[in-house]
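Student: Structure file upload31.txt (compact mmCIF, C-alpha atoms) right here:
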```txt
# COMPACT_ATOMS: atom_id res chain seq x y z
CA MET A 1 94.45 138.63 113.59
CA GLU A 2 96.30 136.72 116.25
CA ALA A 3 99.26 134.82 114.77
CA PHE A 4 100.00 131.24 115.77
CA LYS A 5 103.24 129.38 115.17
CA ARG A 6 101.68 125.92 115.11
CA ILE A 7 98.50 125.33 113.19
CA PRO A 8 96.96 121.86 113.38
CA ALA A 9 96.65 120.30 109.92
CA HIS A 10 93.43 118.47 110.74
CA ILE A 11 90.89 119.41 113.40
CA GLY A 12 88.08 117.20 114.71
CA ILE A 13 84.91 119.01 115.79
CA ILE A 14 82.48 117.43 118.27
CA PRO A 15 79.58 119.91 118.44
CA ASP A 16 77.88 118.57 121.57
CA GLY A 17 75.30 120.12 123.89
CA ASN A 18 72.53 121.07 121.42
CA ARG A 19 69.79 119.47 123.53
CA ARG A 20 71.09 120.82 126.83
CA TRP A 21 71.30 124.28 125.25
CA ALA A 22 67.68 123.96 124.05
CA ALA A 23 66.42 122.87 127.47
CA GLU A 24 68.21 125.75 129.19
CA ASN A 25 66.85 128.26 126.70
CA GLY A 26 63.20 127.26 126.84
CA TYR A 27 63.10 125.19 123.65
CA GLN A 28 62.22 121.55 123.12
CA LYS A 29 65.32 119.33 122.99
CA LYS A 30 64.90 118.67 119.26
CA ASP A 31 65.06 122.40 118.55
CA GLY A 32 68.67 122.61 119.63
CA TYR A 33 70.07 121.18 116.41
CA ILE A 34 68.88 123.91 114.06
CA HIS A 35 70.72 126.39 116.27
CA GLY A 36 73.90 124.45 115.63
CA ILE A 37 74.09 125.34 111.93
CA ALA A 38 75.12 129.00 112.13
CA PRO A 39 77.99 128.21 114.54
CA GLY A 40 79.32 125.73 111.98
CA PHE A 41 79.59 128.46 109.38
CA GLU A 42 81.21 130.87 111.77
CA LEU A 43 83.78 128.20 112.58
CA TYR A 44 84.25 127.43 108.87
CA GLU A 45 85.14 131.07 108.23
CA MET A 46 87.58 131.11 111.12
CA MET A 47 89.25 127.94 109.87
CA LEU A 48 89.80 129.50 106.44
CA GLU A 49 91.19 132.63 108.09
CA PHE A 50 93.76 130.57 110.05
CA GLY A 51 94.70 128.35 107.11
CA ILE A 52 93.32 125.08 108.52
CA LYS A 53 93.57 122.53 105.70
CA GLU A 54 91.14 119.89 106.95
CA ALA A 55 88.35 119.48 109.50
CA THR A 56 86.02 116.64 110.37
CA PHE A 57 82.62 117.41 111.89
CA TYR A 58 80.83 114.84 114.01
CA GLY A 59 77.36 114.96 112.47
CA PHE A 60 75.40 112.08 113.91
CA THR A 61 76.09 108.44 114.72
CA LYS A 62 74.38 105.10 114.74
CA ASP A 63 74.35 105.42 118.55
CA ASN A 64 72.45 108.72 118.26
CA ASN A 65 69.72 106.91 116.33
CA LYS A 66 68.57 105.39 119.64
CA ARG A 67 66.97 108.78 120.42
CA ASP A 68 63.29 109.44 119.74
CA LYS A 69 62.04 110.12 116.22
CA GLU A 70 61.51 113.87 116.67
CA GLN A 71 65.15 114.27 117.65
CA ARG A 72 66.38 111.94 114.91
CA ASP A 73 64.48 113.92 112.29
CA ALA A 74 65.85 117.18 113.68
CA PHE A 75 69.53 116.22 113.74
CA THR A 76 69.28 114.54 110.33
CA LYS A 77 67.73 117.70 108.86
CA ALA A 78 70.42 119.87 110.46
CA CYS A 79 73.13 117.68 108.90
CA ILE A 80 71.55 117.85 105.46
CA ASP A 81 71.19 121.62 105.68
CA ALA A 82 74.76 122.10 106.86
CA VAL A 83 76.27 120.00 104.07
CA GLU A 84 74.08 121.52 101.37
CA LEU A 85 74.87 125.06 102.51
CA LEU A 86 78.59 124.28 102.49
CA SER A 87 78.35 122.95 98.96
CA GLY A 88 77.96 126.58 97.92
CA LYS A 89 81.25 127.55 99.56
CA ASP A 90 84.95 126.92 98.88
CA ALA A 91 85.29 123.51 100.47
CA ASN A 92 86.01 119.97 99.30
CA LEU A 93 83.28 117.91 100.93
CA LEU A 94 83.40 114.28 101.97
CA VAL A 95 80.61 112.50 103.84
CA ILE A 96 81.51 109.27 105.64
CA GLY A 97 78.84 107.03 107.16
CA ASN A 98 76.91 103.85 106.68
CA THR A 99 74.83 104.55 103.57
CA GLU A 100 73.30 101.07 103.61
CA SER A 101 71.15 101.93 106.61
CA THR A 102 67.80 103.72 106.22
CA ALA A 103 69.05 106.24 108.78
CA PHE A 104 71.42 107.68 106.18
CA PRO A 105 69.74 110.71 104.56
CA LYS A 106 69.29 110.13 100.82
CA GLU A 107 69.87 113.85 100.20
CA LEU A 108 73.53 113.32 101.16
CA LEU A 109 74.18 110.19 99.10
CA LYS A 110 75.81 112.29 96.40
CA TYR A 111 78.52 113.42 98.85
CA ALA A 112 79.09 109.99 100.38
CA ASN A 113 82.41 108.16 100.18
CA LYS A 114 83.90 110.42 97.54
CA ARG A 115 85.23 113.93 97.91
CA ILE A 116 83.41 116.61 95.91
CA ASN A 117 85.25 119.87 95.21
CA PHE A 118 83.39 123.17 95.41
CA GLY A 119 84.50 126.68 94.55
CA ARG A 120 88.15 127.37 95.25
CA GLY A 121 88.44 124.22 97.41
CA LEU A 122 90.23 126.01 100.24
CA ILE A 123 89.66 123.35 102.87
CA ASN A 124 88.80 119.65 103.10
CA LEU A 125 85.63 119.29 105.17
CA ASN A 126 84.55 115.84 106.28
CA PHE A 127 81.18 115.06 107.83
CA LEU A 128 80.48 111.91 109.79
CA VAL A 129 76.85 111.14 109.00
CA ASN A 130 75.23 108.01 110.43
CA TYR A 131 78.77 107.10 111.42
CA ASP A 132 79.47 104.03 113.52
CA TRP A 133 82.94 103.30 114.89
CA GLU A 134 82.32 99.54 114.84
CA TRP A 135 81.23 99.68 111.21
CA ASP A 136 84.38 101.71 110.46
CA LEU A 137 86.75 99.23 112.14
CA LYS A 138 84.95 96.13 110.90
CA ASN A 139 85.82 97.09 107.35
CA LEU A 140 89.39 96.12 108.28
CA ILE A 141 88.08 92.56 108.48
CA VAL A 142 85.97 92.75 105.33
CA ASN A 143 88.06 94.91 102.97
CA LYS A 144 91.38 95.29 104.80
CA LYS A 145 90.89 99.04 105.20
CA LEU A 146 88.91 101.45 107.35
CA GLU A 147 85.62 102.74 105.95
CA SER A 148 87.10 106.17 106.78
CA TYR A 149 90.45 105.48 105.08
CA ASP A 150 90.19 108.81 103.22
CA ILE A 151 90.31 110.74 106.50
CA PRO A 152 93.85 111.31 107.81
CA ARG A 153 95.23 111.53 111.36
CA VAL A 154 93.53 114.16 113.55
CA ASP A 155 95.83 116.62 115.37
CA LEU A 156 93.39 118.50 117.57
CA ILE A 157 89.88 117.59 118.68
CA ILE A 158 87.64 120.33 120.03
CA ARG A 159 84.56 119.16 121.89
CA TRP A 160 81.80 121.52 123.02
CA GLY A 161 79.42 120.78 125.89
CA GLY A 162 81.88 119.80 128.63
CA ARG A 163 81.98 116.02 128.20
CA ARG A 164 85.49 114.57 128.18
CA ARG A 165 85.24 111.64 125.81
CA LEU A 166 85.38 110.70 122.14
CA SER A 167 81.93 109.05 121.91
CA GLY A 168 83.21 106.87 119.09
CA PHE A 169 84.76 109.67 117.01
CA LEU A 170 87.24 108.17 114.48
CA PRO A 171 89.08 105.82 116.85
CA ALA A 172 91.98 105.04 114.51
CA GLN A 173 92.63 108.64 113.43
CA SER A 174 92.33 110.08 116.96
CA VAL A 175 95.06 108.02 118.66
CA TYR A 176 97.50 110.95 118.90
CA ALA A 177 95.02 113.85 118.91
CA ASP A 178 95.12 116.48 121.64
CA PHE A 179 91.68 117.10 123.20
CA PHE A 180 90.40 120.57 123.98
CA ILE A 181 87.11 120.75 125.88
CA VAL A 182 84.80 123.77 125.71
CA ASP A 183 82.32 123.79 128.58
CA ASP A 184 79.80 125.96 126.68
CA TYR A 185 77.22 124.20 124.54
CA TRP A 186 77.75 124.16 120.77
CA PRO A 187 74.86 126.54 119.90
CA SER A 188 76.60 129.10 122.18
CA PHE A 189 79.66 128.99 119.92
CA ASN A 190 81.89 131.99 120.32
CA LYS A 191 85.04 132.90 118.38
CA SER A 192 86.98 132.81 121.65
CA HIS A 193 86.37 129.06 121.95
CA PHE A 194 88.32 128.37 118.79
CA LEU A 195 91.02 130.91 119.61
CA ASP A 196 91.44 129.36 123.08
CA ALA A 197 91.85 125.93 121.47
CA LEU A 198 94.49 127.17 119.01
CA ARG A 199 96.29 129.04 121.78
CA TRP A 200 96.33 125.92 123.97
CA TYR A 201 97.56 123.82 121.05
CA GLN A 202 100.71 125.96 120.77
CA ASP A 203 102.15 124.23 123.85
CA CYS A 204 101.11 120.65 123.09
CA ASP A 205 104.33 119.00 121.99
CA VAL A 206 103.55 116.56 119.23
CA THR A 207 105.46 113.34 119.91
CA LEU A 208 103.19 110.86 118.12
CA GLY A 209 103.44 108.64 121.16
CA GLY A 210 107.28 108.75 121.25
CA MET B 1 86.18 105.57 153.35
CA GLU B 2 84.34 107.84 150.97
CA ALA B 3 81.41 106.00 149.37
CA PHE B 4 80.68 106.32 145.66
CA LYS B 5 77.44 105.39 143.94
CA ARG B 6 79.01 104.69 140.57
CA ILE B 7 82.21 102.71 140.33
CA PRO B 8 83.77 102.28 136.88
CA ALA B 9 84.09 98.60 135.98
CA HIS B 10 87.32 99.08 134.04
CA ILE B 11 89.85 101.87 134.49
CA GLY B 12 92.66 102.77 132.09
CA ILE B 13 95.81 104.16 133.68
CA ILE B 14 98.24 106.33 131.69
CA PRO B 15 101.13 106.96 134.10
CA ASP B 16 102.84 109.80 132.22
CA GLY B 17 105.40 112.37 133.33
CA ASN B 18 108.17 110.12 134.71
CA ARG B 19 110.89 111.91 132.76
CA ARG B 20 109.61 115.39 133.49
CA TRP B 21 109.39 114.48 137.18
CA ALA B 22 113.00 113.25 137.10
CA ALA B 23 114.26 116.42 135.41
CA GLU B 24 112.46 118.63 137.92
CA ASN B 25 113.83 116.65 140.84
CA GLY B 26 117.48 116.62 139.85
CA TYR B 27 117.59 113.11 138.39
CA GLN B 28 118.48 111.91 134.91
CA LYS B 29 115.40 111.34 132.75
CA LYS B 30 115.84 107.57 132.78
CA ASP B 31 115.67 107.55 136.58
CA GLY B 32 112.04 108.64 136.58
CA TYR B 33 110.64 105.22 135.76
CA ILE B 34 111.85 103.41 138.88
CA HIS B 35 109.99 106.04 140.90
CA GLY B 36 106.81 105.03 139.10
CA ILE B 37 106.61 101.56 140.65
CA ALA B 38 105.59 102.42 144.21
CA PRO B 39 102.69 104.64 142.98
CA GLY B 40 101.38 101.66 141.00
CA PHE B 41 101.11 99.60 144.17
CA GLU B 42 99.48 102.40 146.08
CA LEU B 43 96.92 102.69 143.30
CA TYR B 44 96.45 98.90 143.21
CA GLU B 45 95.57 98.93 146.92
CA MET B 46 93.11 101.77 146.40
CA MET B 47 91.44 99.96 143.53
CA LEU B 48 90.91 96.87 145.69
CA GLU B 49 89.51 99.07 148.45
CA PHE B 50 86.94 100.59 146.07
CA GLY B 51 86.01 97.31 144.42
CA ILE B 52 87.40 98.09 140.96
CA LYS B 53 87.15 94.87 138.96
CA GLU B 54 89.60 95.61 136.16
CA ALA B 55 92.39 98.05 135.29
CA THR B 56 94.72 98.39 132.33
CA PHE B 57 98.12 100.05 132.84
CA TYR B 58 99.91 101.67 129.91
CA GLY B 59 103.39 100.18 130.33
CA PHE B 60 105.36 101.09 127.24
CA THR B 61 104.67 101.20 123.52
CA LYS B 62 106.38 100.61 120.24
CA ASP B 63 106.43 104.42 119.86
CA ASN B 64 108.33 104.74 123.17
CA ASN B 65 111.07 102.52 121.74
CA LYS B 66 112.21 105.50 119.66
CA ARG B 67 113.79 106.90 122.84
CA ASP B 68 117.47 106.37 123.63
CA LYS B 69 118.74 103.02 124.94
CA GLU B 70 119.25 104.16 128.53
CA GLN B 71 115.59 105.20 128.75
CA ARG B 72 114.38 102.05 126.97
CA ASP B 73 116.28 99.85 129.39
CA ALA B 74 114.90 101.82 132.34
CA PHE B 75 111.21 101.69 131.37
CA THR B 76 111.47 98.03 130.35
CA LYS B 77 113.03 97.17 133.73
CA ALA B 78 110.31 99.14 135.56
CA CYS B 79 107.61 97.18 133.68
CA ILE B 80 109.20 93.84 134.49
CA ASP B 81 109.56 94.75 138.17
CA ALA B 82 105.97 95.99 138.39
CA VAL B 83 104.47 92.86 136.84
CA GLU B 84 106.67 90.49 138.84
CA LEU B 85 105.88 92.25 142.10
CA LEU B 86 102.15 92.07 141.32
CA SER B 87 102.41 88.36 140.66
CA GLY B 88 102.79 87.98 144.44
CA LYS B 89 99.49 89.77 145.07
CA ASP B 90 95.80 88.98 144.56
CA ALA B 91 95.45 89.92 140.89
CA ASN B 92 94.76 88.12 137.63
CA LEU B 93 97.49 89.37 135.32
CA LEU B 94 97.37 89.72 131.56
CA VAL B 95 100.15 91.25 129.48
CA ILE B 96 99.27 92.42 125.98
CA GLY B 97 101.94 93.50 123.51
CA ASN B 98 103.90 92.45 120.49
CA THR B 99 105.98 89.53 121.74
CA GLU B 100 107.52 88.95 118.32
CA SER B 101 109.67 92.07 118.62
CA THR B 102 113.01 92.02 120.46
CA ALA B 103 111.74 95.00 122.47
CA PHE B 104 109.37 92.69 124.35
CA PRO B 105 111.04 91.65 127.64
CA LYS B 106 111.51 87.87 127.75
CA GLU B 107 110.91 87.95 131.51
CA LEU B 108 107.25 88.77 130.80
CA LEU B 109 106.61 86.18 128.11
CA LYS B 110 104.99 83.89 130.65
CA TYR B 111 102.25 86.49 131.30
CA ALA B 112 101.69 87.38 127.66
CA ASN B 113 98.38 86.83 125.88
CA LYS B 114 96.89 84.65 128.58
CA ARG B 115 95.57 85.65 131.97
CA ILE B 116 97.39 84.18 134.97
CA ASN B 117 95.53 84.08 138.29
CA PHE B 118 97.38 84.90 141.50
CA GLY B 119 96.28 84.68 145.11
CA ARG B 120 92.62 85.49 145.65
CA GLY B 121 92.31 87.02 142.16
CA LEU B 122 90.51 90.13 143.40
CA ILE B 123 91.07 92.26 140.28
CA ASN B 124 91.96 91.80 136.62
CA LEU B 125 95.11 93.77 135.90
CA ASN B 126 96.21 94.23 132.31
CA PHE B 127 99.58 95.63 131.27
CA LEU B 128 100.28 96.98 127.82
CA VAL B 129 103.93 96.08 127.22
CA ASN B 130 105.55 96.89 123.88
CA TYR B 131 102.00 97.69 122.79
CA ASP B 132 101.31 99.21 119.39
CA TRP B 133 97.85 100.42 118.41
CA GLU B 134 98.47 99.67 114.73
CA TRP B 135 99.58 96.12 115.53
CA ASP B 136 96.42 95.77 117.65
CA LEU B 137 94.05 96.95 114.90
CA LYS B 138 95.87 95.18 112.08
CA ASN B 139 95.01 91.86 113.66
CA LEU B 140 91.44 92.57 112.53
CA ILE B 141 92.77 92.13 108.99
CA VAL B 142 94.89 89.08 109.77
CA ASN B 143 92.80 87.15 112.31
CA LYS B 144 89.46 89.00 112.34
CA LYS B 145 89.94 90.09 115.96
CA LEU B 146 91.90 92.65 117.94
CA GLU B 147 95.18 91.53 119.47
CA SER B 148 93.69 92.95 122.69
CA TYR B 149 90.35 91.15 122.31
CA ASP B 150 90.59 89.91 125.93
CA ILE B 151 90.48 93.49 127.23
CA PRO B 152 86.91 94.87 127.53
CA ARG B 153 85.54 98.41 127.12
CA VAL B 154 87.23 101.05 129.29
CA ASP B 155 84.91 103.28 131.38
CA LEU B 156 87.33 105.80 132.84
CA ILE B 157 90.83 106.73 131.74
CA ILE B 158 93.07 108.57 134.20
CA ARG B 159 96.15 110.19 132.72
CA TRP B 160 98.88 111.75 134.84
CA GLY B 161 101.27 114.44 133.59
CA GLY B 162 98.81 116.95 132.11
CA ARG B 163 98.73 115.83 128.47
CA ARG B 164 95.23 115.52 127.03
CA ARG B 165 95.49 112.66 124.60
CA LEU B 166 95.35 108.89 124.34
CA SER B 167 98.82 108.39 122.78
CA GLY B 168 97.55 105.20 121.15
CA PHE B 169 95.99 103.65 124.28
CA LEU B 170 93.53 100.88 123.26
CA PRO B 171 91.69 102.79 120.52
CA ALA B 172 88.79 100.34 120.15
CA GLN B 173 88.14 99.91 123.89
CA SER B 174 88.43 103.65 124.66
CA VAL B 175 85.71 104.94 122.32
CA TYR B 176 83.25 105.72 125.15
CA ALA B 177 85.72 106.26 128.01
CA ASP B 178 85.61 109.42 130.09
CA PHE B 179 89.04 111.08 130.43
CA PHE B 180 90.29 112.49 133.70
CA ILE B 181 93.57 114.39 133.55
CA VAL B 182 95.87 114.81 136.55
CA ASP B 183 98.37 117.61 136.07
CA ASP B 184 100.88 116.16 138.53
CA TYR B 185 103.46 113.74 137.22
CA TRP B 186 102.95 110.02 137.86
CA PRO B 187 105.82 109.63 140.38
CA SER B 188 104.08 112.34 142.45
CA PHE B 189 101.03 110.07 142.76
CA ASN B 190 98.78 111.00 145.63
CA LYS B 191 95.63 109.26 146.88
CA SER B 192 93.67 112.44 146.18
CA HIS B 193 94.30 112.06 142.42
CA PHE B 194 92.37 108.82 142.33
CA LEU B 195 89.66 110.09 144.67
CA ASP B 196 89.23 113.21 142.50
CA ALA B 197 88.84 111.00 139.43
CA LEU B 198 86.20 108.80 141.08
CA ARG B 199 84.39 111.85 142.42
CA TRP B 200 84.35 113.43 138.94
CA TYR B 201 83.14 110.18 137.40
CA GLN B 202 79.97 110.29 139.56
CA ASP B 203 78.54 112.98 137.29
CA CYS B 204 79.59 111.59 133.90
CA ASP B 205 76.38 110.19 132.48
CA VAL B 206 77.20 107.03 130.58
CA THR B 207 75.30 107.12 127.29
CA LEU B 208 77.58 104.90 125.18
CA GLY B 209 77.31 107.50 122.44
CA GLY B 210 73.49 107.58 122.54
```
So, in terms of structure tokens, how does the structure I just supplied come out?
Tutor:
Amino acid sequence: MEAFKRIPAHIGIIPDGNRRWAAENGYQKKDGYIHGIAPGFELYEMMLEFGIKEATFYGFTKDNNKRDKEQRDAFTKACIDAVELLSGKDANLLVIGNTESTAFPKELLKYANKRINFGRGLINLNFLVNYDWEWDLKNLIVNKKLESYDIPRVDLIIRWGGRRRLSGFLPAQSVYADFFIVDDYWPSFNKSHFLDALRWYQDCDVTLGG
Amino acid sequence: MEAFKRIPAHIGIIPDGNRRWAAENGYQKKDGYIHGIAPGFELYEMMLEFGIKEATFYGFTKDNNKRDKEQRDAFTKACIDAVELLSGKDANLLVIGNTESTAFPKELLKYANKRINFGRGLINLNFLVNYDWEWDLKNLIVNKKLESYDIPRVDLIIRWGGRRRLSGFLPAQSVYADFFIVDDYWPSFNKSHFLDALRWYQDCDVTLGG
């Protein structure tokens, strides 16, 4: 196993490109999401191997709910399956998202807004489910804290699918994060993507804005 | 002049790499900042030429104030000079930053927290001076609005100096922004950097997270 000197404490994962992958591979757009589950587990195993202590996956957002119903159903189902499968592993799960909206899957209510420990609890895994950056920040007005206050600063964000933007991913926690972009689509996940990101991260000097 | 179909309404400018440029060119680190003023004017002229309506320049931040006094004095002086020189042009200036700290230059108080129109007012130019993302967000708790509430959503962020991060730049306004990274240092500004960014932006589909 390749050894790295600097391991990010908390990694943000933006698994984009499911629909573009589906279209390029002869599927309907909605069928991309189910192909995004296995890559998540492969990445989970790699994160354990490299001693990553925390990761936050961008599940789906309020903005995503503008898509058509077939797609909404498909990405919601993929999120439920991913979280439920991980509940059988060694991770401490936390789901953050607006549970007061009907778009929040009731199957995931039991993981919402409190961390649930499973197995040996080797890693903290956070899922943003029906997440909305405005909802997150507006809680500063209402309750003087972020809705996502349990999620710490993100050190490295890896985004698949070539787009170079945050798309509303944890604005307060991402202020100092280094961004690594993978041009391949998320369902084409390959171990080398993650290794490339860790390798690149070795030379990002962390100054926290200083 | 090259014609572009899509012109970003609001561009964020992160002019990084002044100190690295100085070190590579035989200067002291602090001497990099003064070489960052002329590029700002060149970019200002290009933005007028392409009909950009608004731009926000990352001047300096609370985090930057951790640097030694020589550097602090140098970047503060460069910010003052840049804003004062622009006040003789055709821009509507707005300076956003924590004016209650002694690190805020008193010379810029007259531009702080209210927009001042100059000349023909062809572009809105915002400067973040002694800016602090936590101070900005915390005003949601105190006054139910961002300190930077007068600055709208950013469409395109161009960062010089190769680093791939926001370093605390307007977290709420940058949630949907596309990031373009220039590897050259800011004092090596070249017209092609900006043209490359605009060219790249043509193919960024704006979905606002959808």
Student: Could you pull the residues within 12 Å of Arg72 of chain A, counting all atoms listed in the file, minus those fewer than 2 positions along the same chain, as a ChimeraX atom specification?
Tutor: /A:19,29-33,59-70,74-79,103-105,130 /B:210
Student: For chain A against chain B, which residues fall within 7 Å using only C-alpha atoms, given as a PyMOL selection string?
Tutor: chain A and resi 63-64+66-67+140-141+144+164-168+171-172+175-179+208-210
Student: Taking all atoms listed in the file into account, which of A:Lys53, A:Gly121, A:Ile37, A:Ser148 comes nearest Ile96 of chain A?
Tutor: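 That would be A:Ser148, the residue with the smallest distance to Ile96 of chain A.
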Student: For atom CA of Ala91 of chain A and atom CA of Phe118 of chain A, quote the distance in Å rounded to one decimal.
Tutor: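 So the two atoms, atom CA of Ala91 of chain A and atom CA of Phe118 of chain A, lie 5.4 Å apart.
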Student: Have a look at atom CA of Leu94 of chain A and atom CA of Asn124 of chain A and let me know their distance in Å, one decimal.
Tutor: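 These atoms are spaced 7.7 Å apart.
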Student: When you draw a straight line from atom CA of Asp155 of chain B to atom CA of Ala9 of chain B, how long is it in Å?
Tutor: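 Separation of atom CA of Asp155 of chain B and atom CA of Ala9 of chain B: 6.6 Å.
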Student: Where's the centre, and what are the edge lengths in Å to one decimal, of a box along x, y and z enclosing all listed atoms of segment 22-35 of chain A padded 5 Å per side, as lines of an AutoDock Vina configuration file?
Tutor:
```
center_x = 66.5
center_y = 123.5
center_z = 121.6
size_x = 18.5
size_y = 19.6
size_z = 25.1
```
Student: Taking 2 positions as the minimum chain separation for residues in the same chain, which residues sit within 12 Å of Asn190 of chain A when counting all atoms listed in the file? Answer as a short mmCIF file (atom, residue, chain, number, x, y, z; two decimals) with C-alpha atoms, keeping the file's coordinate frame.
Tutor:
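As a result, selection-v5.cif now contains:
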```
data_model
loop_
_atom_site.label_atom_id
_atom_site.label_comp_id
_atom_site.auth_asym_id
_atom_site.auth_seq_id
_atom_site.Cartn_x
_atom_site.Cartn_y
_atom_site.Cartn_z
CA GLY A 36 73.90 124.45 115.63
CA ALA A 38 75.12 129.00 112.13
CA PRO A 39 77.99 128.21 114.54
CA GLY A 40 79.32 125.73 111.98
CA PHE A 41 79.59 128.46 109.38
CA GLU A 42 81.21 130.87 111.77
CA LEU A 43 83.78 128.20 112.58
CA MET A 46 87.58 131.11 111.12
CA TRP A 160 81.80 121.52 123.02
CA VAL A 182 84.80 123.77 125.71
CA ASP A 183 82.32 123.79 128.58
CA ASP A 184 79.80 125.96 126.68
CA TYR A 185 77.22 124.20 124.54
CA TRP A 186 77.75 124.16 120.77
CA PRO A 187 74.86 126.54 119.90
CA SER A 188 76.60 129.10 122.18
CA SER A 192 86.98 132.81 121.65
CA HIS A 193 86.37 129.06 121.95
CA PHE A 194 88.32 128.37 118.79
CA LEU A 195 91.02 130.91 119.61
CA ASP A 196 91.44 129.36 123.08
CA ALA A 197 91.85 125.93 121.47
#
```
Student: From the list B:Phe4, B:Phe189, B:Tyr58, B:Phe127, which residue is nearest Asn92 of chain B when using only C-alpha atoms?
Tutor: B:Phe127
Student: Arg120 of chain A: which residues within 12 Å, counting all atoms listed in the file, same-chain residues fewer than 5 positions away excluded, as a VMD selection string?
Tutor: chain A and resid 48 87 to 92
Student: I'd like the contact shell of Lys106 of chain A - 12 Å cut-off, all atoms listed in the file, skipping same-chain residues fewer than 4 positions apart - returned as number ranges by chain.
Tutor: A: 76-77, 79-80, 95, 97-102, 110-112, 129-130
Student: What does the file look like for those residues with C-alpha atoms, as a PDB file, in the coordinates of the input?
Tutor:
```pdb
ATOM      1  CA  THR A  76      69.280 114.540 110.330  1.00  0.00           C
ATOM      2  CA  LYS A  77      67.730 117.700 108.860  1.00  0.00           C
ATOM      3  CA  CYS A  79      73.130 117.680 108.900  1.00  0.00           C
ATOM      4  CA  ILE A  80      71.550 117.850 105.460  1.00  0.00           C
ATOM      5  CA  VAL A  95      80.610 112.500 103.840  1.00  0.00           C
ATOM      6  CA  GLY A  97      78.840 107.030 107.160  1.00  0.00           C
ATOM      7  CA  ASN A  98      76.910 103.850 106.680  1.00  0.00           C
ATOM      8  CA  THR A  99      74.830 104.550 103.570  1.00  0.00           C
ATOM      9  CA  GLU A 100      73.300 101.070 103.610  1.00  0.00           C
ATOM     10  CA  SER A 101      71.150 101.930 106.610  1.00  0.00           C
ATOM     11  CA  THR A 102      67.800 103.720 106.220  1.00  0.00           C
ATOM     12  CA  LYS A 110      75.810 112.290  96.400  1.00  0.00           C
ATOM     13  CA  TYR A 111      78.520 113.420  98.850  1.00  0.00           C
ATOM     14  CA  ALA A 112      79.090 109.990 100.380  1.00  0.00           C
ATOM     15  CA  VAL A 129      76.850 111.140 109.000  1.00  0.00           C
ATOM     16  CA  ASN A 130      75.230 108.010 110.430  1.00  0.00           C
TER      17      ASN A 130
END
```
